[in-house]
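Q: For reference, the file model29.pdb (PDB, C-alpha atoms) is included below:
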ATOM      1  CA  MET A   1      27.024   4.663 -17.294
ATOM      2  CA  THR A   2      25.412   7.688 -18.943
ATOM      3  CA  GLY A   3      27.117   9.737 -21.598
ATOM      4  CA  ASN A   4      28.631  12.035 -18.953
ATOM      5  CA  GLY A   5      30.173   9.085 -17.108
ATOM      6  CA  ARG A   6      27.759   9.277 -14.168
ATOM      7  CA  ASP A   7      26.267   6.032 -12.894
ATOM      8  CA  PRO A   8      22.458   6.457 -13.106
ATOM      9  CA  LEU A   9      21.887   3.460 -10.786
ATOM     10  CA  PRO A  10      24.388   3.930  -7.939
ATOM     11  CA  SER A  11      22.324   1.863  -5.469
ATOM     12  CA  TRP A  12      22.444  -1.153  -7.794
ATOM     13  CA  ARG A  13      25.461  -3.441  -7.556
ATOM     14  CA  GLU A  14      27.317  -4.284 -10.746
ATOM     15  CA  GLY A  15      26.023  -7.519 -12.227
ATOM     16  CA  PRO A  16      23.599  -9.024 -14.761
ATOM     17  CA  SER A  17      20.469  -7.302 -13.398
ATOM     18  CA  LYS A  18      21.923  -3.803 -13.573
ATOM     19  CA  GLU A  19      23.608  -4.464 -16.911
ATOM     20  CA  ARG A  20      20.377  -5.697 -18.443
ATOM     21  CA  LEU A  21      18.464  -2.623 -17.280
ATOM     22  CA  LEU A  22      21.060  -0.252 -18.722
ATOM     23  CA  ARG A  23      21.317  -2.152 -22.013
ATOM     24  CA  PHE A  24      17.549  -2.231 -22.430
ATOM     25  CA  VAL A  25      17.090   1.478 -21.795
ATOM     26  CA  GLU A  26      19.918   2.358 -24.183
ATOM     27  CA  ALA A  27      18.654  -0.003 -26.889
ATOM     28  CA  VAL A  28      15.073   1.261 -26.961
ATOM     29  CA  SER A  29      15.905   4.965 -26.622
ATOM     30  CA  HIS A  30      18.955   5.384 -28.912
ATOM     31  CA  PRO A  31      17.809   6.667 -32.328
ATOM     32  CA  GLY A  32      20.319   4.518 -34.228
ATOM     33  CA  SER A  33      19.520   1.294 -32.407
ATOM     34  CA  ALA A  34      17.913  -1.660 -34.184
ATOM     35  CA  ASP A  35      15.635  -1.962 -31.132
ATOM     36  CA  HIS A  36      14.672   1.709 -31.033
ATOM     37  CA  VAL A  37      11.143   2.316 -29.749
ATOM     38  CA  ALA A  38       9.264   5.546 -30.427
ATOM     39  CA  PRO A  39       8.780   7.683 -27.295
ATOM     40  CA  GLU A  40       5.002   7.290 -27.362
ATOM     41  CA  GLU A  41       5.477   3.503 -27.107
ATOM     42  CA  ARG A  42       7.999   3.680 -24.258
ATOM     43  CA  ILE A  43       5.599   2.756 -21.478
ATOM     44  CA  ALA A  44       6.734   1.145 -18.223
ATOM     45  CA  VAL A  45       4.391  -0.121 -15.508
ATOM     46  CA  PHE A  46       5.235  -0.640 -11.843
ATOM     47  CA  ASP A  47       3.469  -2.458  -9.063
ATOM     48  CA  ASN A  48       3.526  -0.413  -5.839
ATOM     49  CA  ASP A  49       3.473  -2.554  -2.675
ATOM     50  CA  GLY A  50       6.696  -4.539  -2.417
ATOM     51  CA  THR A  51       8.029  -3.052  -5.662
ATOM     52  CA  LEU A  52       8.291   0.677  -4.969
ATOM     53  CA  TRP A  53       7.894   0.631  -1.182
ATOM     54  CA  SER A  54       7.763  -1.911   1.630
ATOM     55  CA  GLU A  55       4.713  -4.147   2.113
ATOM     56  CA  GLN A  56       5.726  -5.888   5.363
ATOM     57  CA  PRO A  57       4.429  -6.688   7.925
ATOM     58  CA  MET A  58       1.287  -5.616   6.030
ATOM     59  CA  TYR A  59       0.260  -3.407   3.138
ATOM     60  CA  GLY A  60       0.311   0.282   4.052
ATOM     61  CA  GLN A  61      -3.287   0.660   2.963
ATOM     62  CA  LEU A  62      -4.287  -2.242   5.197
ATOM     63  CA  ALA A  63      -2.682  -0.501   8.181
ATOM     64  CA  PHE A  64      -4.744   2.563   7.275
ATOM     65  CA  ALA A  65      -7.909   0.415   7.038
ATOM     66  CA  LEU A  66      -7.280  -1.125  10.480
ATOM     67  CA  GLU A  67      -7.064   2.300  12.045
ATOM     68  CA  ARG A  68     -10.194   3.414  10.210
ATOM     69  CA  ALA A  69     -12.041   0.298  11.452
ATOM     70  CA  ARG A  70     -11.223   1.162  15.061
ATOM     71  CA  THR A  71     -12.454   4.713  14.519
ATOM     72  CA  LEU A  72     -15.661   3.552  12.841
ATOM     73  CA  LEU A  73     -16.473   1.121  15.652
ATOM     74  CA  GLN A  74     -16.214   3.963  18.146
ATOM     75  CA  GLN A  75     -18.569   6.050  16.016
ATOM     76  CA  ARG A  76     -20.940   3.205  15.034
ATOM     77  CA  PRO A  77     -20.889   0.321  17.560
ATOM     78  CA  GLU A  78     -23.385  -1.653  15.451
ATOM     79  CA  LEU A  79     -20.541  -2.417  12.994
ATOM     80  CA  ALA A  80     -19.183  -4.904  15.545
ATOM     81  CA  GLY A  81     -21.611  -7.362  13.954
ATOM     82  CA  ASP A  82     -19.656  -7.253  10.692
ATOM     83  CA  PRO A  83     -16.904  -9.910  10.956
ATOM     84  CA  LEU A  84     -14.508  -8.062   8.632
ATOM     85  CA  VAL A  85     -14.782  -4.763  10.490
ATOM     86  CA  ALA A  86     -14.564  -6.517  13.879
ATOM     87  CA  ALA A  87     -11.468  -8.475  12.811
ATOM     88  CA  ALA A  88      -9.841  -5.314  11.452
ATOM     89  CA  ALA A  89     -10.530  -3.334  14.611
ATOM     90  CA  ALA A  90      -9.004  -6.163  16.663
ATOM     91  CA  GLY A  91      -5.971  -6.400  14.370
ATOM     92  CA  ASP A  92      -6.890 -10.020  13.555
ATOM     93  CA  LEU A  93      -4.856 -10.389  10.361
ATOM     94  CA  GLN A  94      -5.347 -14.160  10.215
ATOM     95  CA  THR A  95      -9.103 -13.773   9.775
ATOM     96  CA  LEU A  96      -8.695 -10.933   7.318
ATOM     97  CA  MET A  97      -6.156 -12.755   5.144
ATOM     98  CA  GLY A  98      -8.375 -15.820   5.134
ATOM     99  CA  GLN A  99     -10.856 -13.788   3.074
ATOM    100  CA  GLY A 100      -8.357 -13.206   0.261
ATOM    101  CA  MET A 101      -8.004 -10.061  -1.837
ATOM    102  CA  ARG A 102     -11.760  -9.709  -2.291
ATOM    103  CA  GLY A 103     -12.263  -9.771   1.475
ATOM    104  CA  LEU A 104      -9.612  -7.109   1.939
ATOM    105  CA  LEU A 105     -11.261  -4.954  -0.681
ATOM    106  CA  GLU A 106     -14.640  -5.407   0.981
ATOM    107  CA  LEU A 107     -13.009  -4.107   4.138
ATOM    108  CA  VAL A 108     -11.745  -1.190   2.071
ATOM    109  CA  GLY A 109     -15.334  -0.603   0.962
ATOM    110  CA  HIS A 110     -16.430  -0.353   4.594
ATOM    111  CA  THR A 111     -13.570   1.804   5.820
ATOM    112  CA  HIS A 112     -12.944   3.997   2.774
ATOM    113  CA  ALA A 113     -16.538   4.913   1.860
ATOM    114  CA  GLY A 114     -19.306   7.164   3.177
ATOM    115  CA  MET A 115     -17.436  10.361   2.323
ATOM    116  CA  THR A 116     -16.431  12.429  -0.671
ATOM    117  CA  ASN A 117     -13.287  11.654  -2.614
ATOM    118  CA  ALA A 118     -11.801  14.959  -1.453
ATOM    119  CA  ALA A 119     -12.457  14.088   2.201
ATOM    120  CA  PHE A 120     -10.903  10.658   1.693
ATOM    121  CA  SER A 121      -7.744  12.127   0.164
ATOM    122  CA  ALA A 122      -7.415  14.528   3.090
ATOM    123  CA  LEU A 123      -7.845  11.618   5.510
ATOM    124  CA  VAL A 124      -5.060   9.638   3.802
ATOM    125  CA  ARG A 125      -2.724  12.650   3.842
ATOM    126  CA  ARG A 126      -3.218  13.120   7.585
ATOM    127  CA  TRP A 127      -2.657   9.418   8.203
ATOM    128  CA  LEU A 128       0.584   9.428   6.210
ATOM    129  CA  GLN A 129       1.831  12.366   8.278
ATOM    130  CA  ASP A 130       1.113  10.665  11.601
ATOM    131  CA  ALA A 131       1.396   6.900  10.973
ATOM    132  CA  ARG A 132       4.566   4.995  11.760
ATOM    133  CA  HIS A 133       5.725   1.597  10.591
ATOM    134  CA  PRO A 134       5.005  -0.829  13.478
ATOM    135  CA  GLY A 135       8.478  -2.366  13.465
ATOM    136  CA  LEU A 136      10.799   0.428  12.384
ATOM    137  CA  GLY A 137       8.983   3.383  13.920
ATOM    138  CA  VAL A 138       9.455   5.583  10.832
ATOM    139  CA  PRO A 139       6.857   7.117   8.489
ATOM    140  CA  TYR A 140       5.753   4.839   5.667
ATOM    141  CA  THR A 141       7.011   7.461   3.233
ATOM    142  CA  GLN A 142      10.587   6.656   4.350
ATOM    143  CA  LEU A 143      10.201   3.035   3.228
ATOM    144  CA  VAL A 144      10.471   3.794  -0.480
ATOM    145  CA  TYR A 145      13.170   1.783  -2.255
ATOM    146  CA  GLN A 146      16.050   4.010  -3.350
ATOM    147  CA  PRO A 147      17.134   1.694  -6.220
ATOM    148  CA  MET A 148      13.638   1.886  -7.704
ATOM    149  CA  LEU A 149      13.615   5.692  -7.475
ATOM    150  CA  GLU A 150      16.863   5.661  -9.460
ATOM    151  CA  LEU A 151      15.285   3.366 -12.036
ATOM    152  CA  LEU A 152      12.250   5.639 -12.338
ATOM    153  CA  ALA A 153      14.570   8.613 -12.894
ATOM    154  CA  LEU A 154      16.584   6.718 -15.520
ATOM    155  CA  LEU A 155      13.469   5.773 -17.469
ATOM    156  CA  ARG A 156      12.029   9.277 -17.181
ATOM    157  CA  ALA A 157      15.289  10.743 -18.524
ATOM    158  CA  HIS A 158      14.894   8.493 -21.589
ATOM    159  CA  ASP A 159      11.340   9.628 -22.310
ATOM    160  CA  PHE A 160       9.482   6.685 -20.825
ATOM    161  CA  ARG A 161       5.943   7.229 -19.641
ATOM    162  CA  LEU A 162       5.649   5.698 -16.185
ATOM    163  CA  TRP A 163       2.526   4.188 -14.661
ATOM    164  CA  ILE A 164       1.734   2.560 -11.328
ATOM    165  CA  VAL A 165      -0.470  -0.542 -11.621
ATOM    166  CA  THR A 166      -1.402  -1.594  -8.109
ATOM    167  CA  GLY A 167      -3.734  -4.049  -6.450
ATOM    168  CA  GLY A 168      -4.231  -1.372  -3.812
ATOM    169  CA  GLY A 169      -6.771   1.411  -4.045
ATOM    170  CA  ALA A 170      -6.180   3.849  -6.884
ATOM    171  CA  GLU A 171      -7.384   6.833  -4.850
ATOM    172  CA  PHE A 172      -5.209   5.835  -1.895
ATOM    173  CA  VAL A 173      -2.014   5.663  -3.978
ATOM    174  CA  ARG A 174      -2.841   8.815  -5.936
ATOM    175  CA  VAL A 175      -2.500  10.833  -2.745
ATOM    176  CA  PHE A 176       1.273  10.245  -2.535
ATOM    177  CA  ALA A 177       2.398   8.901  -5.939
ATOM    178  CA  GLU A 178       3.534  12.224  -7.350
ATOM    179  CA  GLU A 179       5.373  13.347  -4.215
ATOM    180  CA  LEU A 180       7.145  10.022  -3.630
ATOM    181  CA  TYR A 181       7.691   8.750  -7.170
ATOM    182  CA  GLY A 182       7.131  11.674  -9.522
ATOM    183  CA  ILE A 183       4.173   9.814 -11.054
ATOM    184  CA  PRO A 184       1.062  12.017 -11.363
ATOM    185  CA  PRO A 185      -2.323  10.754 -10.121
ATOM    186  CA  GLU A 186      -3.712  10.288 -13.625
ATOM    187  CA  ARG A 187      -1.052   7.613 -14.202
ATOM    188  CA  VAL A 188      -2.109   5.442 -11.270
ATOM    189  CA  ILE A 189      -4.196   2.362 -12.085
ATOM    190  CA  GLY A 190      -5.604   0.505  -9.105
ATOM    191  CA  SER A 191      -8.566  -1.173  -7.486
ATOM    192  CA  THR A 192     -11.594   1.060  -7.113
ATOM    193  CA  ILE A 193     -14.850   1.355  -5.247
ATOM    194  CA  ARG A 194     -17.970   2.840  -6.798
ATOM    195  CA  LEU A 195     -18.211   6.615  -7.061
ATOM    196  CA  ARG A 196     -21.427   8.613  -7.225
ATOM    197  CA  TYR A 197     -21.796  12.211  -8.308
ATOM    198  CA  GLY A 198     -23.861  14.453  -6.081
ATOM    199  CA  GLU A 199     -23.917  17.856  -4.419
ATOM    200  CA  GLU A 200     -22.933  18.776  -0.886
ATOM    201  CA  THR A 201     -24.077  22.152   0.460
ATOM    202  CA  GLY A 202     -24.685  23.254  -3.105
ATOM    203  CA  GLU A 203     -21.265  22.171  -4.375
ATOM    204  CA  PRO A 204     -20.574  19.235  -6.748
ATOM    205  CA  ALA A 205     -18.838  16.253  -5.174
ATOM    206  CA  LEU A 206     -17.942  12.628  -5.824
ATOM    207  CA  TRP A 207     -19.198  10.287  -3.084
ATOM    208  CA  ARG A 208     -17.527   7.007  -2.261
ATOM    209  CA  GLU A 209     -19.927   4.048  -1.964
ATOM    210  CA  PRO A 210     -19.155   0.784  -0.096
ATOM    211  CA  THR A 211     -19.113  -1.384  -3.231
ATOM    212  CA  VAL A 212     -15.988  -2.792  -4.871
ATOM    213  CA  ASP A 213     -15.999  -1.664  -8.496
ATOM    214  CA  PHE A 214     -12.800  -3.215  -9.919
ATOM    215  CA  ILE A 215      -9.986  -5.377  -8.506
ATOM    216  CA  ASP A 216      -6.708  -4.464 -10.163
ATOM    217  CA  ASP A 217      -4.761  -7.548  -9.123
ATOM    218  CA  GLY A 218      -3.664 -10.732 -10.876
ATOM    219  CA  ASP A 219      -5.578 -11.107 -14.153
ATOM    220  CA  GLY A 220      -7.139  -7.709 -13.535
ATOM    221  CA  LYS A 221      -3.883  -5.845 -14.113
ATOM    222  CA  PRO A 222      -3.745  -6.285 -17.912
ATOM    223  CA  VAL A 223      -7.420  -5.279 -18.030
ATOM    224  CA  GLY A 224      -6.693  -2.140 -16.041
ATOM    225  CA  ILE A 225      -3.725  -1.329 -18.271
ATOM    226  CA  GLU A 226      -5.749  -1.695 -21.446
ATOM    227  CA  ARG A 227      -8.614   0.402 -20.104
ATOM    228  CA  ALA A 228      -6.412   3.241 -18.884
ATOM    229  CA  ILE A 229      -3.509   3.273 -21.350
ATOM    230  CA  GLY A 230      -4.715   1.581 -24.531
ATOM    231  CA  ARG A 231      -1.168   0.530 -25.387
ATOM    232  CA  ARG A 232       0.816  -2.488 -24.279
ATOM    233  CA  PRO A 233       3.816  -1.529 -22.102
ATOM    234  CA  ILE A 234       7.336  -2.529 -23.102
ATOM    235  CA  ALA A 235       8.578  -2.893 -19.501
ATOM    236  CA  ALA A 236       6.896  -4.184 -16.340
ATOM    237  CA  PHE A 237       8.193  -4.345 -12.774
ATOM    238  CA  GLY A 238       6.664  -6.331  -9.919
ATOM    239  CA  ASN A 239       7.485  -8.548  -6.952
ATOM    240  CA  SER A 240       4.718 -11.096  -6.464
ATOM    241  CA  ASP A 241       2.522 -13.664  -8.165
ATOM    242  CA  GLY A 242      -0.141 -10.955  -8.329
ATOM    243  CA  ASP A 243       2.058  -9.260 -10.951
ATOM    244  CA  LEU A 244       2.561 -12.286 -13.233
ATOM    245  CA  ALA A 245      -0.293 -11.510 -15.621
ATOM    246  CA  MET A 246       1.019  -7.946 -15.992
ATOM    247  CA  LEU A 247       4.498  -9.206 -16.820
ATOM    248  CA  ARG A 248       3.150 -11.800 -19.264
ATOM    249  CA  TRP A 249       0.956  -9.201 -20.991
ATOM    250  CA  THR A 250       3.942  -6.877 -21.310
ATOM    251  CA  THR A 251       6.665  -9.277 -22.406
ATOM    252  CA  ALA A 252       4.753 -11.701 -24.660
ATOM    253  CA  ALA A 253       4.379  -9.100 -27.428
ATOM    254  CA  PRO A 254       6.933  -8.745 -30.239
ATOM    255  CA  GLY A 255       9.848  -6.337 -30.062
ATOM    256  CA  PRO A 256      12.181  -5.382 -27.206
ATOM    257  CA  ARG A 257      10.553  -6.155 -23.852
ATOM    258  CA  LEU A 258      11.649  -6.253 -20.232
ATOM    259  CA  GLY A 259      10.093  -7.947 -17.226
ATOM    260  CA  LEU A 260      11.513  -7.759 -13.700
ATOM    261  CA  LEU A 261      10.519  -9.394 -10.421
ATOM    262  CA  LEU A 262      12.040  -8.131  -7.176
ATOM    263  CA  HIS A 263      12.881 -11.000  -4.814
ATOM    264  CA  HIS A 264      12.746 -10.016  -1.143
ATOM    265  CA  ASP A 265      15.607 -12.168   0.149
ATOM    266  CA  ASP A 266      17.300  -9.683   2.485
ATOM    267  CA  GLY A 267      16.343 -10.457   6.061
ATOM    268  CA  GLU A 268      18.890  -8.021   7.528
ATOM    269  CA  ARG A 269      18.020  -4.775   5.784
ATOM    270  CA  GLU A 270      14.349  -5.551   5.077
ATOM    271  CA  VAL A 271      12.350  -8.815   5.323
ATOM    272  CA  ALA A 272      13.108 -12.144   3.618
ATOM    273  CA  TYR A 273       9.915 -13.657   2.199
ATOM    274  CA  ASP A 274       8.535 -15.355  -0.896
ATOM    275  CA  ARG A 275       6.453 -18.562  -1.163
ATOM    276  CA  HIS A 276       4.671 -18.517   2.194
ATOM    277  CA  SER A 277       4.095 -14.833   2.857
ATOM    278  CA  PRO A 278       0.479 -13.645   3.281
ATOM    279  CA  PHE A 279       1.568 -10.361   1.686
ATOM    280  CA  GLY A 280       3.394 -10.224  -1.629
ATOM    281  CA  ARG A 281       3.656 -14.007  -2.071
ATOM    282  CA  LEU A 282       6.199 -14.925  -4.742
ATOM    283  CA  ASP A 283       5.788 -18.617  -5.555
ATOM    284  CA  ARG A 284       5.052 -19.416  -9.213
ATOM    285  CA  GLY A 285       7.079 -16.397 -10.227
ATOM    286  CA  LEU A 286      10.295 -17.936  -8.918
ATOM    287  CA  GLU A 287      10.066 -20.558 -11.682
ATOM    288  CA  LEU A 288       8.298 -18.508 -14.357
ATOM    289  CA  ALA A 289      10.986 -15.805 -14.346
ATOM    290  CA  ALA A 290      13.427 -18.189 -16.065
ATOM    291  CA  VAL A 291      10.737 -19.611 -18.360
ATOM    292  CA  HIS A 292       9.748 -16.183 -19.689
ATOM    293  CA  GLY A 293      13.144 -14.490 -19.508
ATOM    294  CA  TRP A 294      12.308 -12.047 -16.729
ATOM    295  CA  SER A 295      15.010 -10.637 -14.460
ATOM    296  CA  LEU A 296      14.765 -11.978 -10.901
ATOM    297  CA  VAL A 297      16.431  -9.246  -8.873
ATOM    298  CA  SER A 298      17.871 -10.204  -5.509
ATOM    299  CA  MET A 299      17.490  -7.417  -2.978
ATOM    300  CA  ARG A 300      20.367  -8.928  -0.998
ATOM    301  CA  ARG A 301      22.824  -9.345  -3.870
ATOM    302  CA  ASP A 302      21.792  -6.669  -6.367
ATOM    303  CA  TRP A 303      21.171  -3.633  -4.144
ATOM    304  CA  HIS A 304      23.831  -1.617  -2.321
ATOM    305  CA  ARG A 305      21.107   0.245  -0.491
ATOM    306  CA  VAL A 306      17.443  -0.479   0.141
ATOM    307  CA  PHE A 307      15.554   2.554   1.484
ATOM    308  CA  THR A 308      15.630   6.263   0.661
ATOM    309  CA  ALA A 309      16.341   6.872   4.351
ATOM    310  CA  PRO A 310      19.410   5.124   5.828
ATOM    311  CA  ASP A 311      18.833   1.365   5.962
ATOM    312  CA  PRO A 312      17.794   0.143   9.420
TER
END
Please re-express this file's structure in structure tokens.

A:
Amino acid sequence: MTGNGRDPLPSWREGPSKERLLRFVEAVSHPGSADHVAPEERIAVFDNDGTLWSEQPMYGQLAFALERARTLLQQRPELAGDPLVAAAAAGDLQTLMGQGMRGLLELVGHTHAGMTNAAFSALVRRWLQDARHPGLGVPYTQLVYQPMLELLALLRAHDFRLWIVTGGGAEFVRVFAEELYGIPPERVIGSTIRLRYGEETGEPALWREPTVDFIDDGDGKPVGIERAIGRRPIAAFGNSDGDLAMLRWTTAAPGPRLGLLLHHDDGEREVAYDRHSPFGRLDRGLELAAVHGWSLVSMRRDWHRVFTAPDP
């Protein structure tokens, strides 16, 4: 509870996971605490897909890329000779996933390039307005996790600086991060493609080139954090093996630290998946959570409510 008696995490059920979160926040933010951390050091990093919003049956950005591939093939039929673009246009996820994260990001290079950054952002905004989740029929923006929004608000109220560290495209997530999560675009770290400065009709512009510049996933996440922040976070939140290096980098340092992995084990209100999922696979993390003292949060047991909109 907060000082005024209000529960800051009403969508979290009472239990060890919620208690640990509340104790940690109080310990690092209370001036008289032995574990007090100065506000400038109170940095928390969050994965996006599967941690802040749903990633099933595929990443939201992948759904966007599939639609872009279909559009590009209509405009440029010669792209049918590219196996990644052809598979994407056909919705052949098995072929796409067989290429791994690098293959997906190469697809991103094809479908997200050839335009200015401003044009790309406008394209993403229009897609978010019109696109619907294939199973639930609701906008992707309604599949944000309410318990995580409450956690973001709790940390923000205690002077944490919040960052998104995503394997997805930085420019893609920056379009909606502030509106959905209250995290401004300059605090989004993600995978990137190469940008080139130039002029269009006499005006300066940044052009997107079809070359992957940086992959912010797995071992890349601590690198991205160091490049963008220059300080080691004291709290890290993820849901998959792609987040393990970020959690290790955060929690291995001295002082009060918190690592949390969200376990998607609720097949009624969301999707139950872990070791064998092509998206958001959580395998090694199921064992490493206990080894490194990370909280393994059960969506089924620890959350009263899942989505910001009423649960399906």

Q: Calculate how many Å separate atom CA of A:Arg208 from atom CA of A:Ser121, rounding to one decimal.

A: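 Spanning atom CA of A:Arg208 to atom CA of A:Ser121 is a straight-line distance of 11.3 Å.
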
Q: Show me a table, sorted first by chain and then by increasing residue number, of the residues of stretch 119-209 of chain A having an atom at most 8 Å from stretch 16-31 of chain A, each with its shortest atom pair and the distance in Å to one decimal, counting only C-alpha atoms and written as a tab-separated table.

A:
residue	atom	partner	partner_atom	distance
A:Leu155	CA	A:Val25	CA	7.1
A:His158	CA	A:Ser29	CA	6.2
A:Asp159	CA	A:Ser29	CA	7.8

Q: Written as a ChimeraX atom specification, which residues does the PyMOL selection byres ((chain A and resi 246) around 8) give for the file shown?

A: /A:218-219,221-222,236,243-245,247-250

Q: What's the separation between atom CA of A:Phe279 and atom CA of A:Glu55, in Å to one decimal place?

A: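 The value is 7.0 Å.
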
Q: Need the shell around A:Arg269: protein/DNA/RNA residues with any atom at most 12 Å away, counting all atoms listed in the file. Skip same-chain ones fewer than 2 positions apart. Format as a count of residues only?

A: 22

Q: As a check of understanding, name the residues that the PyMOL selection byres ((chain A and resi 112) around 8) selects in the supplied structure, as number ranges by chain.

A: A: 65, 68, 108-111, 113-115, 120, 208, 210

Q: Atom CA of A:Pro57 to atom CA of A:Leu162: how many Å, to one decimal?

A: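 Interatomic distance here is 27.1 Å.
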
Q: What would the file be for stretch 70-117 of chain A if you keep C-alpha atoms and write it as a CSV table (one decimal), in the first residue's frame?

A:
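Dumped to decode-v5.csv:
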chain,number,residue,atom,x,y,z
A,70,ARG,CA,1.8,-7.8,-49.6
A,71,THR,CA,1.6,-4.1,-50.5
A,72,LEU,CA,5.2,-4.1,-51.8
A,73,LEU,CA,4.6,-7.2,-54.0
A,74,GLN,CA,1.7,-5.4,-55.6
A,75,GLN,CA,3.8,-2.4,-56.3
A,76,ARG,CA,7.0,-4.3,-57.3
A,77,PRO,CA,6.3,-7.8,-58.6
A,78,GLU,CA,10.0,-8.5,-59.0
A,79,LEU,CA,10.3,-8.9,-55.2
A,80,ALA,CA,8.5,-12.3,-55.5
A,81,GLY,CA,12.0,-13.6,-56.2
A,82,ASP,CA,13.1,-12.7,-52.6
A,83,PRO,CA,12.2,-15.7,-50.4
A,84,LEU,CA,11.7,-13.6,-47.3
A,85,VAL,CA,9.4,-11.1,-49.0
A,86,ALA,CA,7.5,-14.0,-50.7
A,87,ALA,CA,7.1,-15.9,-47.5
A,88,ALA,CA,5.9,-12.8,-45.7
A,89,ALA,CA,3.4,-11.9,-48.4
A,90,ALA,CA,2.0,-15.5,-48.2
A,91,GLY,CA,1.9,-15.4,-44.4
A,92,ASP,CA,4.3,-18.4,-44.3
A,93,LEU,CA,5.5,-18.0,-40.7
A,94,GLN,CA,7.3,-21.3,-40.6
A,95,THR,CA,9.7,-20.2,-43.3
A,96,LEU,CA,10.1,-16.8,-41.7
A,97,MET,CA,10.8,-18.2,-38.2
A,98,GLY,CA,13.3,-20.6,-39.7
A,99,GLN,CA,15.5,-17.7,-40.5
A,100,GLY,CA,15.7,-16.6,-36.8
A,101,MET,CA,15.9,-13.0,-35.5
A,102,ARG,CA,18.3,-11.9,-38.2
A,103,GLY,CA,16.0,-13.2,-40.9
A,104,LEU,CA,13.1,-11.3,-39.4
A,105,LEU,CA,15.2,-8.1,-39.2
A,106,GLU,CA,16.2,-8.6,-42.8
A,107,LEU,CA,12.5,-8.7,-43.7
A,108,VAL,CA,12.1,-5.5,-41.7
A,109,GLY,CA,14.9,-4.0,-43.8
A,110,HIS,CA,12.9,-4.8,-46.9
A,111,THR,CA,9.5,-3.7,-45.7
A,112,HIS,CA,10.5,-0.7,-43.5
A,113,ALA,CA,13.0,1.0,-45.8
A,114,GLY,CA,12.9,3.1,-48.9
A,115,MET,CA,11.2,6.1,-47.2
A,116,THR,CA,11.9,8.8,-44.8
A,117,ASN,CA,11.7,8.2,-41.1
